[in-house]
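Structure file data_13.cif (mmCIF, C-alpha atoms) is printed below.
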```
data_final
#
loop_
_atom_site.group_PDB
_atom_site.id
_atom_site.type_symbol
_atom_site.label_atom_id
_atom_site.label_comp_id
_atom_site.auth_asym_id
_atom_site.auth_seq_id
_atom_site.Cartn_x
_atom_site.Cartn_y
_atom_site.Cartn_z
ATOM 1 C CA MET A 1 190.324 7.156 131.572
ATOM 2 C CA GLU A 2 189.855 3.528 132.659
ATOM 3 C CA CYS A 3 189.760 2.675 136.357
ATOM 4 C CA LYS A 4 193.091 1.093 137.306
ATOM 5 C CA CYS A 5 191.455 -1.125 139.906
ATOM 6 C CA SER A 6 189.033 -2.505 137.339
ATOM 7 C CA ALA A 7 191.812 -3.057 134.800
ATOM 8 C CA LEU A 8 193.968 -4.902 137.335
ATOM 9 C CA ARG A 9 191.059 -7.085 138.439
ATOM 10 C CA ARG A 10 190.325 -7.976 134.811
ATOM 11 C CA ALA A 11 194.000 -8.792 134.243
ATOM 12 C CA SER A 12 194.095 -10.872 137.420
ATOM 13 C CA ARG A 13 191.100 -12.921 136.259
ATOM 14 C CA ALA A 14 192.716 -13.417 132.841
ATOM 15 C CA VAL A 15 195.984 -14.564 134.422
ATOM 16 C CA THR A 16 194.151 -16.948 136.745
ATOM 17 C CA GLN A 17 192.222 -18.437 133.800
ATOM 18 C CA HIS A 18 195.486 -18.794 131.876
ATOM 19 C CA TYR A 19 197.105 -20.774 134.703
ATOM 20 C CA GLU A 20 193.961 -22.848 135.300
ATOM 21 C CA ILE A 21 193.914 -23.901 131.637
ATOM 22 C CA SER A 22 197.565 -24.975 131.909
ATOM 23 C CA PHE A 23 196.831 -27.022 135.048
ATOM 24 C CA ARG A 24 193.957 -28.978 133.486
ATOM 25 C CA GLY A 25 194.666 -32.680 133.717
ATOM 26 C CA THR A 26 197.138 -32.341 136.607
ATOM 27 C CA GLY A 27 194.576 -32.848 139.365
ATOM 28 C CA LEU A 28 195.504 -29.455 140.819
ATOM 29 C CA ARG A 29 194.197 -25.931 140.609
ATOM 30 C CA ALA A 30 196.737 -23.156 140.175
ATOM 31 C CA THR A 31 196.196 -21.990 143.760
ATOM 32 C CA GLN A 32 196.750 -25.518 145.055
ATOM 33 C CA PHE A 33 200.011 -25.815 143.135
ATOM 34 C CA THR A 34 201.171 -22.534 144.663
ATOM 35 C CA VAL A 35 200.535 -23.862 148.176
ATOM 36 C CA LEU A 36 202.349 -27.149 147.461
ATOM 37 C CA ALA A 37 205.285 -25.379 145.801
ATOM 38 C CA ALA A 38 205.688 -23.023 148.762
ATOM 39 C CA LEU A 39 205.672 -25.910 151.255
ATOM 40 C CA ALA A 40 208.066 -27.952 149.108
ATOM 41 C CA GLN A 41 210.529 -25.056 149.200
ATOM 42 C CA THR A 42 210.165 -24.092 152.855
ATOM 43 C CA GLY A 43 209.241 -27.231 154.745
ATOM 44 C CA PRO A 44 206.549 -27.171 157.431
ATOM 45 C CA LEU A 45 205.215 -23.716 158.275
ATOM 46 C CA PRO A 46 202.741 -22.345 160.771
ATOM 47 C CA LEU A 47 199.411 -21.629 159.098
ATOM 48 C CA SER A 48 199.763 -17.876 159.696
ATOM 49 C CA ALA A 49 203.289 -17.773 158.212
ATOM 50 C CA LEU A 50 202.174 -19.704 155.124
ATOM 51 C CA ALA A 51 199.197 -17.368 154.696
ATOM 52 C CA ALA A 52 201.477 -14.327 154.919
ATOM 53 C CA MET A 53 203.934 -15.828 152.429
ATOM 54 C CA LEU A 54 201.139 -16.474 149.928
ATOM 55 C CA GLY A 55 199.412 -13.124 150.511
ATOM 56 C CA LEU A 56 196.239 -14.806 151.734
ATOM 57 C CA GLU A 57 193.954 -14.329 154.700
ATOM 58 C CA ARG A 58 194.160 -17.275 157.106
ATOM 59 C CA THR A 59 190.535 -18.182 156.379
ATOM 60 C CA SER A 60 191.199 -18.224 152.618
ATOM 61 C CA LEU A 61 194.237 -20.432 153.119
ATOM 62 C CA THR A 62 192.240 -22.797 155.345
ATOM 63 C CA ARG A 63 189.629 -23.142 152.559
ATOM 64 C CA ASN A 64 192.408 -23.823 150.032
ATOM 65 C CA LEU A 65 194.020 -26.434 152.296
ATOM 66 C CA ARG A 66 190.881 -28.573 152.781
ATOM 67 C CA PRO A 67 190.939 -30.300 149.366
ATOM 68 C CA LEU A 68 194.718 -30.759 149.597
ATOM 69 C CA GLU A 69 194.317 -32.440 152.989
ATOM 70 C CA LYS A 70 191.500 -34.678 151.683
ATOM 71 C CA LYS A 71 193.727 -35.807 148.810
ATOM 72 C CA GLY A 72 196.606 -36.448 151.233
ATOM 73 C CA PHE A 73 198.878 -33.776 149.702
ATOM 74 C CA VAL A 74 199.327 -31.762 152.917
ATOM 75 C CA ALA A 75 199.001 -32.581 156.587
ATOM 76 C CA SER A 76 198.971 -30.798 159.911
ATOM 77 C CA ALA A 77 202.132 -31.472 161.853
ATOM 78 C CA ALA A 78 202.648 -31.572 165.608
ATOM 79 C CA ASN A 79 204.257 -28.534 167.182
ATOM 80 C CA ASP A 80 205.574 -27.794 170.652
ATOM 81 C CA ASP A 81 203.142 -24.895 170.909
ATOM 82 C CA HIS A 82 199.762 -26.605 170.559
ATOM 83 C CA ARG A 83 198.161 -23.290 169.592
ATOM 84 C CA VAL A 84 200.216 -23.229 166.369
ATOM 85 C CA ARG A 85 199.152 -25.439 163.469
ATOM 86 C CA LEU A 86 202.077 -26.463 161.260
ATOM 87 C CA ILE A 87 201.278 -27.348 157.664
ATOM 88 C CA GLU A 88 203.572 -29.698 155.777
ATOM 89 C CA ILE A 89 203.625 -31.224 152.323
ATOM 90 C CA THR A 90 203.366 -35.018 152.188
ATOM 91 C CA PRO A 91 205.341 -37.310 149.863
ATOM 92 C CA ALA A 92 202.191 -37.629 147.718
ATOM 93 C CA GLY A 93 201.958 -33.831 147.596
ATOM 94 C CA GLU A 94 205.602 -33.567 146.548
ATOM 95 C CA ARG A 95 205.054 -36.090 143.730
ATOM 96 C CA THR A 96 201.929 -34.287 142.565
ATOM 97 C CA ALA A 97 203.598 -30.863 142.618
ATOM 98 C CA LEU A 98 206.591 -32.205 140.725
ATOM 99 C CA ALA A 99 204.317 -33.788 138.113
ATOM 100 C CA ALA A 100 202.472 -30.464 137.702
ATOM 101 C CA LEU A 101 205.651 -28.388 137.453
ATOM 102 C CA SER A 102 205.699 -28.539 133.644
ATOM 103 C CA ALA A 103 202.144 -27.118 133.562
ATOM 104 C CA TRP A 104 203.288 -24.206 135.724
ATOM 105 C CA GLN A 105 206.346 -23.683 133.524
ATOM 106 C CA ARG A 106 204.144 -23.542 130.394
ATOM 107 C CA ALA A 107 201.833 -20.998 132.004
ATOM 108 C CA GLN A 108 204.760 -18.976 133.336
ATOM 109 C CA ALA A 109 206.440 -18.850 129.928
ATOM 110 C CA THR A 110 203.340 -17.501 128.184
ATOM 111 C CA VAL A 111 201.610 -15.327 130.791
ATOM 112 C CA ASP A 112 203.211 -12.063 129.619
ATOM 113 C CA GLY A 113 201.035 -12.131 126.507
ATOM 114 C CA VAL A 114 197.901 -12.464 128.634
ATOM 115 C CA VAL A 115 198.873 -9.495 130.788
ATOM 116 C CA GLU A 116 199.788 -7.393 127.754
ATOM 117 C CA ALA A 117 196.495 -8.287 126.066
ATOM 118 C CA THR A 118 194.510 -7.063 129.066
ATOM 119 C CA LEU A 119 196.633 -4.163 130.347
ATOM 120 C CA GLY A 120 198.682 -3.086 127.368
ATOM 121 C CA GLN A 121 202.182 -3.508 126.013
ATOM 122 C CA GLY A 122 205.042 -3.045 128.490
ATOM 123 C CA VAL A 123 202.916 -2.753 131.640
ATOM 124 C CA LEU A 124 204.120 -6.059 133.105
ATOM 125 C CA ASP A 125 207.746 -5.094 132.555
ATOM 126 C CA LYS A 126 207.162 -1.767 134.315
ATOM 127 C CA MET A 127 205.458 -3.508 137.221
ATOM 128 C CA LEU A 128 208.159 -6.138 137.662
ATOM 129 C CA HIS A 129 211.226 -4.053 136.924
ATOM 130 C CA GLY A 130 210.615 -0.750 138.611
ATOM 131 C CA GLY A 131 209.219 1.402 135.862
ATOM 132 C CA GLY A 132 206.061 2.039 137.837
ATOM 133 C CA HIS A 133 205.124 2.991 141.392
ATOM 134 C CA SER A 134 208.022 3.806 143.703
ATOM 135 C CA GLY A 135 206.324 2.360 146.769
ATOM 136 C CA THR A 136 206.699 5.617 148.716
ATOM 137 C CA GLY A 137 203.004 6.392 148.536
ATOM 138 C CA ASP A 138 201.594 9.344 146.685
ATOM 139 C CA LYS A 139 199.616 11.932 148.643
ATOM 140 C CA GLY A 140 196.415 10.860 146.925
ATOM 141 C CA ASP A 141 197.132 7.117 147.356
ATOM 142 C CA LYS A 142 195.607 5.993 150.636
ATOM 143 C CA GLY A 143 195.357 2.314 149.662
ATOM 144 C CA ASP A 144 192.355 0.092 150.276
ATOM 145 C CA LYS A 145 191.882 0.227 154.042
ATOM 146 C CA GLY A 146 188.948 -2.171 153.827
ATOM 147 C CA ASP A 147 191.104 -4.986 152.460
ATOM 148 C CA LYS A 148 193.257 -5.652 155.543
ATOM 149 C CA GLY A 149 196.497 -4.633 153.880
ATOM 150 C CA GLY A 150 195.557 -5.893 150.447
ATOM 151 C CA LYS A 151 196.157 -9.561 151.263
ATOM 152 C CA ARG A 152 193.199 -11.200 149.618
ATOM 153 C CA GLY A 153 192.898 -14.368 147.714
ATOM 154 C CA ALA A 154 195.528 -15.087 144.939
ATOM 155 C CA ALA A 155 197.457 -17.796 143.425
#
```

Take the structure from the file and write it as structure tokens.
Amino acid sequence: MECKCSALRRASRAVTQHYEISFRGTGLRATQFTVLAALAQTGPLPLSALAAMLGLERTSLTRNLRPLEKKGFVASAANDDHRVRLIEITPAGERTALAALSAWQRAQATVDGVVEATLGQGVLDKMLHGGGHSGTGDKGDKGDKGDKGGKRGAA
């Protein structure tokens, strides 16, 4: 029996590569597009709230924000509480995200085949539409305690 963790990691890498190929020529990585799209939809957010929304550690998000800030696609905004760093998308970031939207749509429309090729037929549908884990936690399922709630890296 194959290790589920290993299979999911392999599928995750395949999905990431699939999106990265679609984003070639846009000037963005898939993870960068995800950050810009989130900010375009929400408006300015505190760094910690944006990290939680994206399922990233704050340090991972900070690393992902650096190139976007250098390109002028995001900026830190003033906040009443000086301890809180607000992140906002700039007009240049909005234009870039909008221009890259078709690349995301192409990847989104074809990603099911990538998942099925790595995990098997119907697995994605089960994951997305409730045919799999109930979320109640099996007795043997303790989760990965070393991963701070499972919020690591992702697009």

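Coordinates place atom CA of Asp81 of chain A at a distance of 19.1 Å from atom CA of Thr62 of chain A.
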
Chain and number of each residue from the PyMOL selection byres ((chain A and resi 83-97) around 7), as a list of chain:residue names: A:Phe33, A:Leu36, A:Ala37, A:Leu39, A:Ala40, A:Gly43, A:Pro44, A:Leu45, A:Pro46, A:Leu47, A:Gly72, A:Phe73, A:Val74, A:Ala75, A:Ser76, A:Ala77, A:Ala78, A:Asn79, A:Asp81, A:His82, A:Leu98, A:Ala99, A:Ala100, A:Leu101

Put those residues in a file: C-alpha atoms, as an mmCIF file, in the coordinates of the input.
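Now in out-v1.cif:
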```cif
data_model
loop_
_atom_site.group_PDB
_atom_site.id
_atom_site.type_symbol
_atom_site.label_atom_id
_atom_site.label_comp_id
_atom_site.auth_asym_id
_atom_site.auth_seq_id
_atom_site.Cartn_x
_atom_site.Cartn_y
_atom_site.Cartn_z
ATOM 1 C CA PHE A 33 200.011 -25.815 143.135
ATOM 2 C CA LEU A 36 202.349 -27.149 147.461
ATOM 3 C CA ALA A 37 205.285 -25.379 145.801
ATOM 4 C CA LEU A 39 205.672 -25.910 151.255
ATOM 5 C CA ALA A 40 208.066 -27.952 149.108
ATOM 6 C CA GLY A 43 209.241 -27.231 154.745
ATOM 7 C CA PRO A 44 206.549 -27.171 157.431
ATOM 8 C CA LEU A 45 205.215 -23.716 158.275
ATOM 9 C CA PRO A 46 202.741 -22.345 160.771
ATOM 10 C CA LEU A 47 199.411 -21.629 159.098
ATOM 11 C CA GLY A 72 196.606 -36.448 151.233
ATOM 12 C CA PHE A 73 198.878 -33.776 149.702
ATOM 13 C CA VAL A 74 199.327 -31.762 152.917
ATOM 14 C CA ALA A 75 199.001 -32.581 156.587
ATOM 15 C CA SER A 76 198.971 -30.798 159.911
ATOM 16 C CA ALA A 77 202.132 -31.472 161.853
ATOM 17 C CA ALA A 78 202.648 -31.572 165.608
ATOM 18 C CA ASN A 79 204.257 -28.534 167.182
ATOM 19 C CA ASP A 81 203.142 -24.895 170.909
ATOM 20 C CA HIS A 82 199.762 -26.605 170.559
ATOM 21 C CA LEU A 98 206.591 -32.205 140.725
ATOM 22 C CA ALA A 99 204.317 -33.788 138.113
ATOM 23 C CA ALA A 100 202.472 -30.464 137.702
ATOM 24 C CA LEU A 101 205.651 -28.388 137.453
#
```

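Distance check against Gln17 of chain A using all atoms listed in the file: of A:Cys3, A:Val111, A:Asn64, A:Arg58, the minimum falls on A:Val111.
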
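When all atoms listed in the file are used to compute distances to His18 of chain A, the closest of the residues A:Ser102, A:Lys4, A:Ala30, A:Gln121 turns out to be A:Ala30.
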
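Nearest-residue note for Thr26 of chain A: choosing from A:Ala38, A:Val115, A:Trp104, A:Ala109, the minimum distance belongs to A:Trp104, counting all atoms listed in the file.
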